[in-house]
Amino acid sequence: MKTVNGACPHDCPDTCAWQVDVDNKGTAISLRGHPEHPFTKGSLCTKLKRYINRVYHKDRILHPQKRVGLKGEGEFERISWEDALEIITSKLKGTIRDHGPLSAMPCNFAGTIGMLQRYAGDQFFERLGATDVDRSICGKVALDGIRYTIGAGDTVLPEDLKHSRYIIIWGSNTAVTNLHLWSGAIKEARHKGAKIVVIDPLKTPTAERSDWHLQIKPGTDAALALGMMHIIVRDGLQDEKYVKDHTVGFERLRDRIRKYTPELVSSLTGIGKEEIEKFSREYALTKPAVIRVLVGMERRLNGGLTLRTIACLPALVGAFKSLGGGICQFTINTMREALDYKAVIPQESQTPGKRIIHLAQLGRVLTDKNLSPPINWLMIYNLNPVVTLPNQNLILTGLKRDDLFTVVHEQFMTESAKYADILLPASTQLEHWDLMPSWGHTYVALNKPAIAPLGEAVANTELFRMLAKGMDFKEPYLLASDEERIRRLLDSKSPLVSGITLETLKTTGWAKLKTPTDWRPRAEGNFSTPSGKCEFFSKTLENLGLDPLPTFEITPSQNMEEYPLDFISPKATHFLNSEYVNLPNNVTIEHSPSLVMNTMDAQDRDILENDKVRIFNQYGEVVVKAKLSQNCLLGTVSMAFNWWMASSLNGSSANALTPDALSDLKFGSNAFDAKVQVMKV
Ligand SMILES: Nc1nc2c(c(=O)[nH]1)N[C@H]1C(S)=C(S)[C@@H](COP(=O)(O)OP(=O)(O)OC[C@H]3O[C@@H](n4cnc5c(=O)[nH]c(N)nc54)[C@H](O)[C@@H]3O)O[C@H]1N2
Ligand SMILES: Nc1nc2c(c(=O)[nH]1)N[C@H]1C(S)=C(S)[C@@H](COP(=O)(O)OP(=O)(O)OC[C@H]3O[C@@H](n4cnc5c(=O)[nH]c(N)nc54)[C@H](O)[C@@H]3O)O[C@H]1N2
Ligand SMILES: [Mo]
């Protein structure tokens with residue numbers, strides 16, 4: 001028996017460190033949260049408790065396979081690795097010869113967020129000169145929105161929420177999506193008397209367990225923020241000195257917020273006038289006050305500028321001065337400073353003028369007859385696009401194309417994998433090396449392989465080494481070993497990782513970055529913006545032709561009468577994005593999706609609890625059972641996005657209804673802007 005240190009690979013802010021027990025036959029027999037890791041604190045979520053079952057599940061893909069049925073049918077026959085590589089590289093060479101390297105494209109995201117396995121293909125595709133992918137479907141809009149106002153968003157570290165007295169969870173479902181923050185620092189703050197306010201259109205488990213839920217109309221958060229600023233300035237509650245010393249554009253802000261009276265904001269947001277008054281005053285007067293945001297608000301046409309507007313609040317009230325006060329967003333900036341990302345991702349602009357395609361528009365790209373050259377060679381890994389990307393039906397149409405050659409590297413036969421020409425077996429986190437960063441805390445962890453790869457599974461890194469050899473690429477960085485890559489990542493010379501090496505991590509498993517204990521980076525201004533100040537007025541936004549001041553705009557839907565309901569598709573407790581949906585167990589009592597809707601919206605449509613309903617719009621339709629709730633906002637319906645197509649009653653899932661436009665700052669999905677109609681079947 002041996003115990004091996006590792007860490008969870010999932011795209012989740014918690015990045016738990018774990019320990020695996022392996023018996024003398026080399027089988028993993030138990031997995032637990034690392035007892036000493038200060039964020040994990042020895043506990044794992046309901047998903048991770050099933051990770052070993054996932055690894056040894058009978059449905060794992062363990063051998064290379066070639067499609068024998070139609071695309072989408074899922075009929076495959078086993079072939080050798082040698083044959084698989086030969087087919088893949090000869091198809092690649094053929095498309096490059098006929099159409100140039102831009103006709104090849106990777107299609108990947110964050111199926112694992114480890115530094116090695118996440119970015120494994122990036123340098124290969126850069127070397128190839130393939131079409132590049134803008135993968136901003138999670139976090140980038142939120143990050144950049146806030147950047148315009150204050151620069152880096154990690155002004156409060158998640159663990160420092162324990163010092164906060166007023167915690168606003170704005171558009172995040174912390175108790176579900178960021179469990180260890182909820183049961184750790186937030187619980188501790190609450191014990192010490194902190195108040196928890198949740199702003200969300202849905203009565204989420206987080207909202208249910210908070211002290212106060214402001215059930216806002218979808219997409220109107222910027223109006224609320226402008227209204228708060230109105231009240232704060234009207235009542236003279238702003239921090240005059242902080243505003244004078246560390247912000248730009250206060251006078252223009254004052255003009256902008258004048259019209260956002262509590263009456264107007266109440267009519268826009270659906271929140272009562274008195275509540276808005278009380279909330280704004282409590283926020284301004286309680287110190288330290290923190291705003292916790294993740295990605296819930298970004299998936300909208302106005303998402304970027306909404307986050308930019310909200311980010312004006314802490315400077316106005318001087319919240320940055322106290323430990324636990326300010327904005328608490330991703331810790332990505334700190335990770336990027338700590339690790340030498342160049343070890344695994346290509347340097348920018350190596351290929352000037354190369355074509356970049358947005359992942360949120362995959363369906364459009366694959367079906368665009370005018371695209372020149374067309375995409376003829378696609379490699380899907382770390383992604384289940386059919387389930388997780390917007391406009392599902394258009395993606396399916398694209399993947400069915402006869403002239404498209406698709407490689408999928410997967411652990412399971414996902415609904416995307418069924419469209420592969422060649423299907424390759426991927427290893428899991430128990431079987432490969434990785435260095436785990438985190439976007440929700442400031443620890444790194446080493447994931448050591450605990451068991452040998454099952455069957456003929458290979459890690460992403462190994463696969464791309466094999467492909468590089470198959471393409472006769474000789475560059476050493478393409479062939480570097482996993483341990484070499486980890487050494488280089490840690491060799492950034494940043495003081496944040498001083499003393500942390502592959503060798504020390506092999507013993508400890510994880511390490512805390514060397515951040516200062518009193519993390520108040522904006523206490524004295526020093527914002528990482530062009531002016532060095534908090535920018536109420538942003539010259540950068542003005543130069544981009546966007547509103548330079550905090551702003552609220554909402555694009556009215558063009559078919560309001562046909563599709564009157566807002567459709568939100570958030571995350572479910574027992575799944576991690578599309579993972580675990582195919583592994584039913586008794587944790588999910590009823591293993592099928594449902595649509596949650598307000599009792600009155602249901603009555604208007606003669607819908608009763610558990611009735612079969614058809615949710616539809618111009619993109620598609622989904623048939624599921626209805627769950628009625630008085631707590632659901634009138635005019636808003638919701639269904640978790642995680643479910644696979646086969647789980648519904650008509651073979652379509654939530655993303656069959658989501659739009660594929662790009663958000664305001666032009667780099668994110670607007671999937672939450674979906675409008676639908678619902679009818680009883
Ligand atoms: N409507 C709607 N759409 C959304 C969202 C939403 O809230 N609503 N959320 C968005 C967000 S935030 C995100 S992050 C995306 C997530 O979208 P995805 O990145 O597609 O999510 P996952 O299901 O986590 O992972 C995809 C696949 O990666 C595979 N995988 C895991 N590890 C490995 C590995 O080591 N190698 C290989 N080759 N494969 C591996 C898994 O088996 C899984 O099938 O979805 C986005 N889409
Ligand atoms: N259990 C579980 N945990 C997860 C995941 C999972 O699939 N399952 N996925 C992981 C990933 S990839 C990510 S990115 C994180 C995301 O973590 P979160 O950002 O917390 O998750 P989301 O479900 O995308 O959105 C959060 C909330 O935003 C709300 N929302 C939607 N529109 C609006 C709006 O207009 N205004 C406001 N104020 N709120 C709005 C939704 O109702 C939802 O409750 O979670 C991670 N953790
Ligand atoms: Mo995400």
# chains A, B, ... in the order shown; residues from 1 in each chain; ligands from 1
>>> residues_near_ligand(ligand="ligand 1", cutoff="7 Å", atoms="only C-alpha atoms and all ligand atoms", output="compact mmCIF listing (two decimals) with N, CA, C and O atoms, in the first residue's frame")
# COMPACT_ATOMS: atom_id res chain seq x y z
N HIS A 10 -10.44 19.39 -12.14
CA HIS A 10 -11.63 20.03 -12.72
C HIS A 10 -11.54 21.55 -12.73
O HIS A 10 -10.87 22.16 -11.90
N ASP A 11 -12.31 22.12 -13.67
CA ASP A 11 -12.36 23.57 -13.82
C ASP A 11 -13.27 24.14 -12.75
O ASP A 11 -14.44 24.43 -13.00
N PHE A 109 -10.83 23.08 -24.44
CA PHE A 109 -10.96 24.08 -23.39
C PHE A 109 -10.39 23.55 -22.08
O PHE A 109 -9.23 23.15 -22.04
N ALA A 110 -11.23 23.49 -21.05
CA ALA A 110 -10.70 23.27 -19.72
C ALA A 110 -11.23 21.99 -19.07
O ALA A 110 -11.50 21.97 -17.88
N GLY A 111 -11.34 20.91 -19.86
CA GLY A 111 -11.71 19.62 -19.30
C GLY A 111 -10.79 19.25 -18.14
O GLY A 111 -11.18 18.55 -17.22
N THR A 112 -9.55 19.72 -18.21
CA THR A 112 -8.65 19.70 -17.05
C THR A 112 -7.99 21.07 -17.01
O THR A 112 -7.74 21.65 -18.06
N GLN A 117 -1.65 19.34 -18.90
CA GLN A 117 -2.66 18.68 -19.74
C GLN A 117 -3.63 19.67 -20.38
O GLN A 117 -4.17 19.40 -21.44
N ILE A 137 -14.74 31.41 -23.12
CA ILE A 137 -16.12 31.06 -22.79
C ILE A 137 -16.32 30.99 -21.29
O ILE A 137 -17.39 30.65 -20.81
N CYS A 138 -15.29 31.31 -20.54
CA CYS A 138 -15.41 31.27 -19.08
C CYS A 138 -14.41 32.22 -18.44
O CYS A 138 -13.22 31.93 -18.44
N VAL A 295 -18.40 34.14 -12.68
CA VAL A 295 -18.72 34.29 -14.10
C VAL A 295 -20.21 34.41 -14.42
O VAL A 295 -20.58 34.57 -15.58
N TYR A 381 -10.43 17.94 -27.76
CA TYR A 381 -9.92 17.34 -26.52
C TYR A 381 -10.20 18.31 -25.39
O TYR A 381 -10.36 19.52 -25.62
N ASN A 382 -10.29 17.84 -24.17
CA ASN A 382 -10.60 18.70 -23.01
C ASN A 382 -11.88 19.49 -23.23
O ASN A 382 -12.02 20.59 -22.68
N LEU A 383 -12.78 19.01 -24.01
CA LEU A 383 -14.00 19.77 -24.31
C LEU A 383 -15.09 18.82 -24.79
O LEU A 383 -14.79 17.86 -25.50
N ASN A 384 -16.31 19.14 -24.41
CA ASN A 384 -17.47 18.39 -24.89
C ASN A 384 -18.40 19.38 -25.59
O ASN A 384 -19.46 19.72 -25.08
N PRO A 385 -17.98 19.88 -26.75
CA PRO A 385 -18.62 21.05 -27.36
C PRO A 385 -20.11 20.90 -27.61
O PRO A 385 -20.87 21.87 -27.47
N THR A 388 -21.56 21.70 -24.16
CA THR A 388 -21.20 22.90 -23.39
C THR A 388 -21.12 24.19 -24.20
O THR A 388 -21.03 25.26 -23.62
N LEU A 389 -21.14 24.13 -25.53
CA LEU A 389 -21.07 25.37 -26.30
C LEU A 389 -22.46 25.78 -26.79
O LEU A 389 -23.32 24.94 -27.00
N PRO A 390 -22.65 27.09 -27.00
CA PRO A 390 -23.97 27.56 -27.42
C PRO A 390 -24.38 27.09 -28.81
O PRO A 390 -23.54 26.74 -29.64
N HIS A 409 -10.01 13.09 -28.52
CA HIS A 409 -9.23 12.43 -27.47
C HIS A 409 -10.04 12.57 -26.19
O HIS A 409 -10.24 13.69 -25.70
N GLU A 410 -10.54 11.47 -25.66
CA GLU A 410 -11.53 11.52 -24.57
C GLU A 410 -11.37 10.37 -23.58
O GLU A 410 -10.80 9.33 -23.89
N GLN A 411 -11.94 10.59 -22.40
CA GLN A 411 -12.00 9.53 -21.39
C GLN A 411 -13.28 8.71 -21.56
O GLN A 411 -13.33 7.53 -21.22
N PHE A 412 -14.34 9.36 -22.07
CA PHE A 412 -15.64 8.69 -22.21
C PHE A 412 -16.24 8.97 -23.58
O PHE A 412 -15.88 9.92 -24.25
N THR A 414 -18.46 10.66 -25.10
CA THR A 414 -19.37 11.80 -24.94
C THR A 414 -20.20 11.94 -26.22
O THR A 414 -19.90 11.31 -27.24
N ALA A 426 -7.97 8.84 -23.52
CA ALA A 426 -7.23 9.79 -22.68
C ALA A 426 -7.11 9.27 -21.26
O ALA A 426 -8.05 8.66 -20.73
N SER A 427 -5.97 9.54 -20.64
CA SER A 427 -5.77 9.14 -19.25
C SER A 427 -6.50 10.12 -18.33
O SER A 427 -6.90 11.20 -18.75
N THR A 428 -6.66 9.73 -17.07
CA THR A 428 -7.29 10.62 -16.08
C THR A 428 -6.21 11.14 -15.13
O THR A 428 -5.04 10.75 -15.21
N GLN A 429 -6.65 11.97 -14.21
CA GLN A 429 -5.71 12.61 -13.28
C GLN A 429 -4.97 11.60 -12.40
O GLN A 429 -3.90 11.87 -11.93
N ALA A 459 -1.79 10.41 -21.87
CA ALA A 459 -2.03 11.79 -21.44
C ALA A 459 -1.98 12.71 -22.65
O ALA A 459 -1.36 12.40 -23.67
N ASN A 460 -2.61 13.89 -22.52
CA ASN A 460 -2.58 14.88 -23.60
C ASN A 460 -1.14 15.21 -24.00
O ASN A 460 -0.83 15.31 -25.19
N SER A 569 -29.25 29.04 -17.77
CA SER A 569 -28.77 27.65 -17.72
C SER A 569 -27.49 27.58 -16.88
O SER A 569 -26.39 27.56 -17.41
N PRO A 570 -27.63 27.55 -15.56
CA PRO A 570 -26.45 27.57 -14.67
C PRO A 570 -25.93 26.17 -14.38
O PRO A 570 -26.30 25.21 -15.05
N LYS A 571 -25.07 26.07 -13.37
CA LYS A 571 -24.41 24.80 -13.06
C LYS A 571 -25.14 23.97 -12.01
O LYS A 571 -25.70 24.52 -11.07
N LEU A 576 -19.80 18.27 -12.86
CA LEU A 576 -18.80 19.31 -13.09
C LEU A 576 -18.84 19.58 -14.58
O LEU A 576 -18.33 18.79 -15.36
N ASN A 577 -19.46 20.66 -14.96
CA ASN A 577 -19.76 20.94 -16.35
C ASN A 577 -20.41 19.69 -16.94
O ASN A 577 -21.38 19.20 -16.38
N SER A 578 -19.88 19.11 -18.04
CA SER A 578 -20.62 17.95 -18.57
C SER A 578 -20.13 16.63 -17.97
O SER A 578 -20.59 15.56 -18.37
N GLU A 579 -19.21 16.69 -17.02
CA GLU A 579 -18.66 15.44 -16.47
C GLU A 579 -19.54 14.89 -15.36
O GLU A 579 -20.17 15.64 -14.66
N PHE A 641 -27.22 23.52 -17.28
CA PHE A 641 -26.64 23.32 -18.61
C PHE A 641 -25.87 22.02 -18.72
O PHE A 641 -25.56 21.56 -19.81
N ALA A 654 -29.71 22.01 -22.70
CA ALA A 654 -29.91 23.47 -22.55
C ALA A 654 -29.27 24.30 -23.66
O ALA A 654 -29.85 25.27 -24.13
N ASN A 655 -28.07 23.91 -24.10
CA ASN A 655 -27.41 24.75 -25.10
C ASN A 655 -28.07 24.66 -26.49
O ASN A 655 -27.66 25.38 -27.40
N THR A 658 -29.44 28.26 -26.57
CA THR A 658 -28.63 29.45 -26.27
C THR A 658 -28.09 30.13 -27.53
O THR A 658 -27.70 29.47 -28.49
N ALA A 671 -24.56 33.25 -23.83
CA ALA A 671 -25.51 32.14 -23.66
C ALA A 671 -26.64 32.43 -22.68
O ALA A 671 -27.72 31.87 -22.80
N PHE A 672 -26.40 33.31 -21.68
CA PHE A 672 -27.45 33.59 -20.70
C PHE A 672 -28.49 34.59 -21.20
O PHE A 672 -29.46 34.88 -20.51
>>> residues_around(residues="Cys45 of chain A", least_positions_apart="6", cutoff="10 Å", atoms="only C-alpha atoms", output="PyMOL selection string")
chain A and resi 14+16+33+176-180+573-574
>>> closest_residue(among="A:Ser647, A:Ser280, A:Thr309, A:Ser172", to="ligand 3", atoms="only C-alpha atoms and all ligand atoms")
A:Ser172
>>> select_by_dssp(residues="segment 450-668 of chain A", states="strand (DSSP E or B)", output="ChimeraX atom specification")
/A:458,510-512,534-535,565-568,576,579,594-598,612-616,621-629,636-638,662
>>> write_last_selection(atoms="C-alpha atoms", output="short mmCIF file (atom, residue, chain, number, x, y, z; two decimals), in the first residue's frame")
data_model
loop_
_atom_site.label_atom_id
_atom_site.label_comp_id
_atom_site.auth_asym_id
_atom_site.auth_seq_id
_atom_site.Cartn_x
_atom_site.Cartn_y
_atom_site.Cartn_z
CA VAL A 458 -2.30 8.33 -22.97
CA TRP A 510 1.18 21.34 -2.44
CA ALA A 511 2.52 24.75 -1.49
CA LYS A 512 1.15 28.21 -0.80
CA CYS A 534 -9.39 53.38 -10.23
CA GLU A 535 -10.89 54.57 -13.50
CA LEU A 565 -39.23 34.15 -20.90
CA ASP A 566 -35.62 34.59 -19.77
CA PHE A 567 -33.87 31.22 -19.85
CA ILE A 568 -30.90 30.80 -17.48
CA LEU A 576 -18.80 19.31 -13.09
CA GLU A 579 -18.66 15.44 -16.47
CA SER A 594 -36.13 19.63 -15.36
CA LEU A 595 -37.23 23.17 -16.03
CA VAL A 596 -37.84 25.33 -12.98
CA MET A 597 -40.55 27.92 -13.48
CA ASN A 598 -42.73 30.25 -11.48
CA LYS A 612 -43.84 17.40 -19.82
CA VAL A 613 -43.00 20.78 -21.30
CA ARG A 614 -41.49 21.95 -24.55
CA ILE A 615 -39.01 24.83 -24.16
CA PHE A 616 -38.30 26.39 -27.52
CA GLU A 621 -36.26 22.92 -28.45
CA VAL A 622 -35.87 20.84 -25.33
CA VAL A 623 -38.50 18.61 -23.74
CA VAL A 624 -38.26 17.98 -19.99
CA LYS A 625 -40.51 17.87 -16.94
CA ALA A 626 -41.55 21.08 -15.19
CA LYS A 627 -40.84 21.89 -11.56
CA LEU A 628 -42.92 24.73 -10.20
CA SER A 629 -41.73 27.13 -7.57
CA THR A 636 -37.51 33.68 -15.70
CA VAL A 637 -37.08 29.92 -16.16
CA SER A 638 -33.98 27.81 -15.60
CA LEU A 662 -20.40 37.60 -28.55
#
>>> closest_residue(among="A:Phe320, A:Asp144, A:Ala417, A:Gly635", to="Gly270 of chain A", atoms="only C-alpha atoms")
A:Gly635
>>> residues_around(residues="segment 99-106 of chain A", least_positions_apart="6", cutoff="7 Å", atoms="only C-alpha atoms", output="list in words")
Leu128, Gly129, Ala130, Thr131, Asp132, Pro373, Pro374, Ile375, Asn376, Trp377, Leu378, Met379 and Ile380 of chain A
>>> write_last_selection(atoms="C-alpha atoms", output="PDB file, in the first residue's frame")
ATOM      1  CA  LEU A 128       1.645  23.899 -37.310  1.00  0.00           C
ATOM      2  CA  GLY A 129       0.260  27.361 -38.115  1.00  0.00           C
ATOM      3  CA  ALA A 130      -3.273  26.044 -37.555  1.00  0.00           C
ATOM      4  CA  THR A 131      -6.329  28.261 -37.118  1.00  0.00           C
ATOM      5  CA  ASP A 132      -6.145  29.621 -33.589  1.00  0.00           C
ATOM      6  CA  PRO A 373      -9.963  27.935 -46.204  1.00  0.00           C
ATOM      7  CA  PRO A 374     -12.710  25.850 -44.581  1.00  0.00           C
ATOM      8  CA  ILE A 375     -11.994  23.846 -41.436  1.00  0.00           C
ATOM      9  CA  ASN A 376     -11.434  20.283 -42.661  1.00  0.00           C
ATOM     10  CA  TRP A 377      -9.401  18.808 -39.817  1.00  0.00           C
ATOM     11  CA  LEU A 378     -10.591  19.236 -36.231  1.00  0.00           C
ATOM     12  CA  MET A 379      -9.180  17.917 -33.005  1.00  0.00           C
ATOM     13  CA  ILE A 380     -11.455  17.907 -29.958  1.00  0.00           C
TER      14      ILE A 380
END
>>> closest_atom_pairs(of="segment 309-411 of chain A", to="segment 235-252 of chain A", cutoff="6 Å", atoms="only C-alpha atoms", output="tab-separated table")
residue	atom	partner	partner_atom	distance
A:Leu316	CA	A:Gln238	CA	5.4
A:Val317	CA	A:Gln238	CA	4.8
A:Gly318	CA	A:Asp239	CA	5.3
>>> atom_distance(atom1="atom 23 (O, counted along the ligand's line) of ligand 2", atom2="atom CA of Gly171 of chain A")
8.2 Å
>>> residues_around(residues="Ile357 of chain A", least_positions_apart="3", cutoff="9 Å", atoms="only C-alpha atoms", output="list in words")
Thr131, Asp132, Val133, Asp134, Arg135, Ala360, Gln361, Leu362 and Val365 of chain A
>>> write_last_selection(atoms="all heavy atoms", output="PDB file, in the first residue's frame")
ATOM      1  N   THR A 131      -5.391  27.220 -37.549  1.00  0.00           N
ATOM      2  CA  THR A 131      -6.329  28.261 -37.118  1.00  0.00           C
ATOM      3  C   THR A 131      -6.308  28.295 -35.598  1.00  0.00           C
ATOM      4  O   THR A 131      -6.371  27.253 -34.947  1.00  0.00           O
ATOM      5  CB  THR A 131      -7.752  27.935 -37.627  1.00  0.00           C
ATOM      6  OG1 THR A 131      -7.776  28.208 -39.031  1.00  0.00           O
ATOM      7  CG2 THR A 131      -8.795  28.780 -36.934  1.00  0.00           C
ATOM      8  N   ASP A 132      -6.201  29.497 -35.045  1.00  0.00           N
ATOM      9  CA  ASP A 132      -6.145  29.621 -33.589  1.00  0.00           C
ATOM     10  C   ASP A 132      -7.557  29.806 -33.035  1.00  0.00           C
ATOM     11  O   ASP A 132      -8.468  30.177 -33.769  1.00  0.00           O
ATOM     12  CB  ASP A 132      -5.257  30.807 -33.209  1.00  0.00           C
ATOM     13  CG  ASP A 132      -4.773  30.687 -31.776  1.00  0.00           C
ATOM     14  OD1 ASP A 132      -5.116  29.686 -31.108  1.00  0.00           O
ATOM     15  OD2 ASP A 132      -4.053  31.595 -31.315  1.00  0.00           O
ATOM     16  N   VAL A 133      -7.684  29.528 -31.757  1.00  0.00           N
ATOM     17  CA  VAL A 133      -9.002  29.553 -31.151  1.00  0.00           C
ATOM     18  C   VAL A 133      -9.044  30.559 -30.015  1.00  0.00           C
ATOM     19  O   VAL A 133      -8.161  30.562 -29.150  1.00  0.00           O
ATOM     20  CB  VAL A 133      -9.343  28.144 -30.608  1.00  0.00           C
ATOM     21  CG1 VAL A 133     -10.734  28.128 -30.010  1.00  0.00           C
ATOM     22  CG2 VAL A 133      -9.241  27.119 -31.720  1.00  0.00           C
ATOM     23  N   ASP A 134     -10.051  31.406 -30.014  1.00  0.00           N
ATOM     24  CA  ASP A 134     -10.301  32.268 -28.862  1.00  0.00           C
ATOM     25  C   ASP A 134     -11.208  31.475 -27.937  1.00  0.00           C
ATOM     26  O   ASP A 134     -12.357  31.198 -28.271  1.00  0.00           O
ATOM     27  CB  ASP A 134     -10.980  33.564 -29.325  1.00  0.00           C
ATOM     28  CG  ASP A 134     -11.201  34.524 -28.161  1.00  0.00           C
ATOM     29  OD1 ASP A 134     -11.251  34.057 -27.018  1.00  0.00           O
ATOM     30  OD2 ASP A 134     -11.333  35.740 -28.408  1.00  0.00           O
ATOM     31  N   ARG A 135     -10.647  31.110 -26.781  1.00  0.00           N
ATOM     32  CA  ARG A 135     -11.378  30.198 -25.895  1.00  0.00           C
ATOM     33  C   ARG A 135     -12.090  30.923 -24.759  1.00  0.00           C
ATOM     34  O   ARG A 135     -12.296  30.361 -23.693  1.00  0.00           O
ATOM     35  CB  ARG A 135     -10.410  29.155 -25.318  1.00  0.00           C
ATOM     36  CG  ARG A 135      -9.715  28.334 -26.406  1.00  0.00           C
ATOM     37  CD  ARG A 135      -8.752  27.309 -25.858  1.00  0.00           C
ATOM     38  NE  ARG A 135      -8.111  26.590 -26.940  1.00  0.00           N
ATOM     39  CZ  ARG A 135      -7.019  27.013 -27.570  1.00  0.00           C
ATOM     40  NH1 ARG A 135      -6.441  28.128 -27.195  1.00  0.00           N
ATOM     41  NH2 ARG A 135      -6.500  26.298 -28.546  1.00  0.00           N
ATOM     42  N   ALA A 360     -17.179  30.086 -28.961  1.00  0.00           N
ATOM     43  CA  ALA A 360     -18.629  30.257 -28.774  1.00  0.00           C
ATOM     44  C   ALA A 360     -19.359  30.259 -30.114  1.00  0.00           C
ATOM     45  O   ALA A 360     -20.581  30.215 -30.150  1.00  0.00           O
ATOM     46  CB  ALA A 360     -18.924  31.544 -28.021  1.00  0.00           C
ATOM     47  N   GLN A 361     -18.614  30.329 -31.212  1.00  0.00           N
ATOM     48  CA  GLN A 361     -19.259  30.343 -32.529  1.00  0.00           C
ATOM     49  C   GLN A 361     -18.849  29.146 -33.368  1.00  0.00           C
ATOM     50  O   GLN A 361     -18.812  29.205 -34.596  1.00  0.00           O
ATOM     51  CB  GLN A 361     -18.925  31.665 -33.223  1.00  0.00           C
ATOM     52  CG  GLN A 361     -19.416  32.835 -32.361  1.00  0.00           C
ATOM     53  CD  GLN A 361     -19.400  34.170 -33.051  1.00  0.00           C
ATOM     54  OE1 GLN A 361     -18.453  34.474 -33.759  1.00  0.00           O
ATOM     55  NE2 GLN A 361     -20.440  34.963 -32.828  1.00  0.00           N
ATOM     56  N   LEU A 362     -18.554  28.043 -32.687  1.00  0.00           N
ATOM     57  CA  LEU A 362     -18.085  26.847 -33.381  1.00  0.00           C
ATOM     58  C   LEU A 362     -19.055  26.391 -34.467  1.00  0.00           C
ATOM     59  O   LEU A 362     -18.649  26.047 -35.582  1.00  0.00           O
ATOM     60  CB  LEU A 362     -17.852  25.711 -32.374  1.00  0.00           C
ATOM     61  CG  LEU A 362     -17.343  24.403 -32.974  1.00  0.00           C
ATOM     62  CD1 LEU A 362     -15.943  24.573 -33.554  1.00  0.00           C
ATOM     63  CD2 LEU A 362     -17.349  23.266 -31.944  1.00  0.00           C
ATOM     64  N   VAL A 365     -18.839  28.519 -37.546  1.00  0.00           N
ATOM     65  CA  VAL A 365     -17.589  28.315 -38.272  1.00  0.00           C
ATOM     66  C   VAL A 365     -17.620  27.020 -39.074  1.00  0.00           C
ATOM     67  O   VAL A 365     -17.225  26.984 -40.238  1.00  0.00           O
ATOM     68  CB  VAL A 365     -16.423  28.299 -37.255  1.00  0.00           C
ATOM     69  CG1 VAL A 365     -15.140  27.845 -37.904  1.00  0.00           C
ATOM     70  CG2 VAL A 365     -16.271  29.667 -36.630  1.00  0.00           C
TER      71      VAL A 365
END
>>> select_by_dssp(residues="segment 307-454 of chain A", states="helix (DSSP H, G or I)", output="ChimeraX atom specification")
/A:307-310,313-316,319-321,332-338,341-343,359-367,385-388,392-399,417-419
>>> residues_around(residues="Val22 of chain A", least_positions_apart="6", cutoff="6 Å", atoms="only C-alpha atoms", output="PyMOL selection string")
chain A and resi 1-2+28-29
>>> closest_residue(among="A:Tyr166, A:Phe125, A:Tyr619, A:Phe552", to="Ala284 of chain A", atoms="only C-alpha atoms")
A:Tyr166
>>> residues_around(residues="Leu143 of chain A", least_positions_apart="2", cutoff="10 Å", atoms="only C-alpha atoms", output="list in words")
Cys138, Gly139, Lys140, Val141, Gly145, Ile146, Arg147, Tyr148, Gly151, Ala152, Gly153, Asp154, Val293, Leu294, Val295, Glu298, Gly304, Leu307, Arg308, Gln329, Phe330, Ile332 and Asn333 of chain A
>>> write_last_selection(atoms="C-alpha atoms", output="mmCIF file, in the first residue's frame")
data_model
loop_
_atom_site.group_PDB
_atom_site.id
_atom_site.type_symbol
_atom_site.label_atom_id
_atom_site.label_comp_id
_atom_site.auth_asym_id
_atom_site.auth_seq_id
_atom_site.Cartn_x
_atom_site.Cartn_y
_atom_site.Cartn_z
ATOM 1 C CA CYS A 138 -15.415 31.272 -19.077
ATOM 2 C CA GLY A 139 -14.025 34.162 -17.106
ATOM 3 C CA LYS A 140 -12.321 36.319 -19.706
ATOM 4 C CA VAL A 141 -15.196 38.819 -19.954
ATOM 5 C CA GLY A 145 -14.600 44.009 -17.533
ATOM 6 C CA ILE A 146 -13.134 44.530 -14.098
ATOM 7 C CA ARG A 147 -9.699 45.253 -15.529
ATOM 8 C CA TYR A 148 -10.987 48.434 -17.202
ATOM 9 C CA GLY A 151 -6.832 46.340 -13.204
ATOM 10 C CA ALA A 152 -6.357 42.919 -11.638
ATOM 11 C CA GLY A 153 -9.482 41.697 -9.826
ATOM 12 C CA ASP A 154 -7.846 39.707 -7.034
ATOM 13 C CA VAL A 293 -17.954 37.794 -8.364
ATOM 14 C CA LEU A 294 -17.217 34.882 -10.680
ATOM 15 C CA VAL A 295 -18.720 34.286 -14.105
ATOM 16 C CA GLU A 298 -20.528 37.705 -17.872
ATOM 17 C CA GLY A 304 -18.302 43.034 -19.588
ATOM 18 C CA LEU A 307 -18.706 43.979 -14.262
ATOM 19 C CA ARG A 308 -16.770 47.149 -15.092
ATOM 20 C CA GLN A 329 -12.397 37.752 -8.216
ATOM 21 C CA PHE A 330 -10.158 35.071 -9.760
ATOM 22 C CA ILE A 332 -5.398 34.161 -12.101
ATOM 23 C CA ASN A 333 -3.228 37.266 -12.204
#
>>> closest_residue(among="A:Leu634, A:Ile169, A:Ala185, A:Val68", to="Thr204 of chain A", atoms="only C-alpha atoms")
A:Ile169
>>> decode(residues="segment 257-261 of chain A", atoms="C-alpha atoms", output="compact mmCIF listing (two decimals), in the first residue's frame")
# COMPACT_ATOMS: atom_id res chain seq x y z
CA ILE A 257 -25.41 58.45 -11.64
CA ARG A 258 -27.75 61.41 -11.09
CA LYS A 259 -30.60 59.84 -13.03
CA TYR A 260 -30.33 56.42 -11.35
CA THR A 261 -32.77 57.22 -8.57
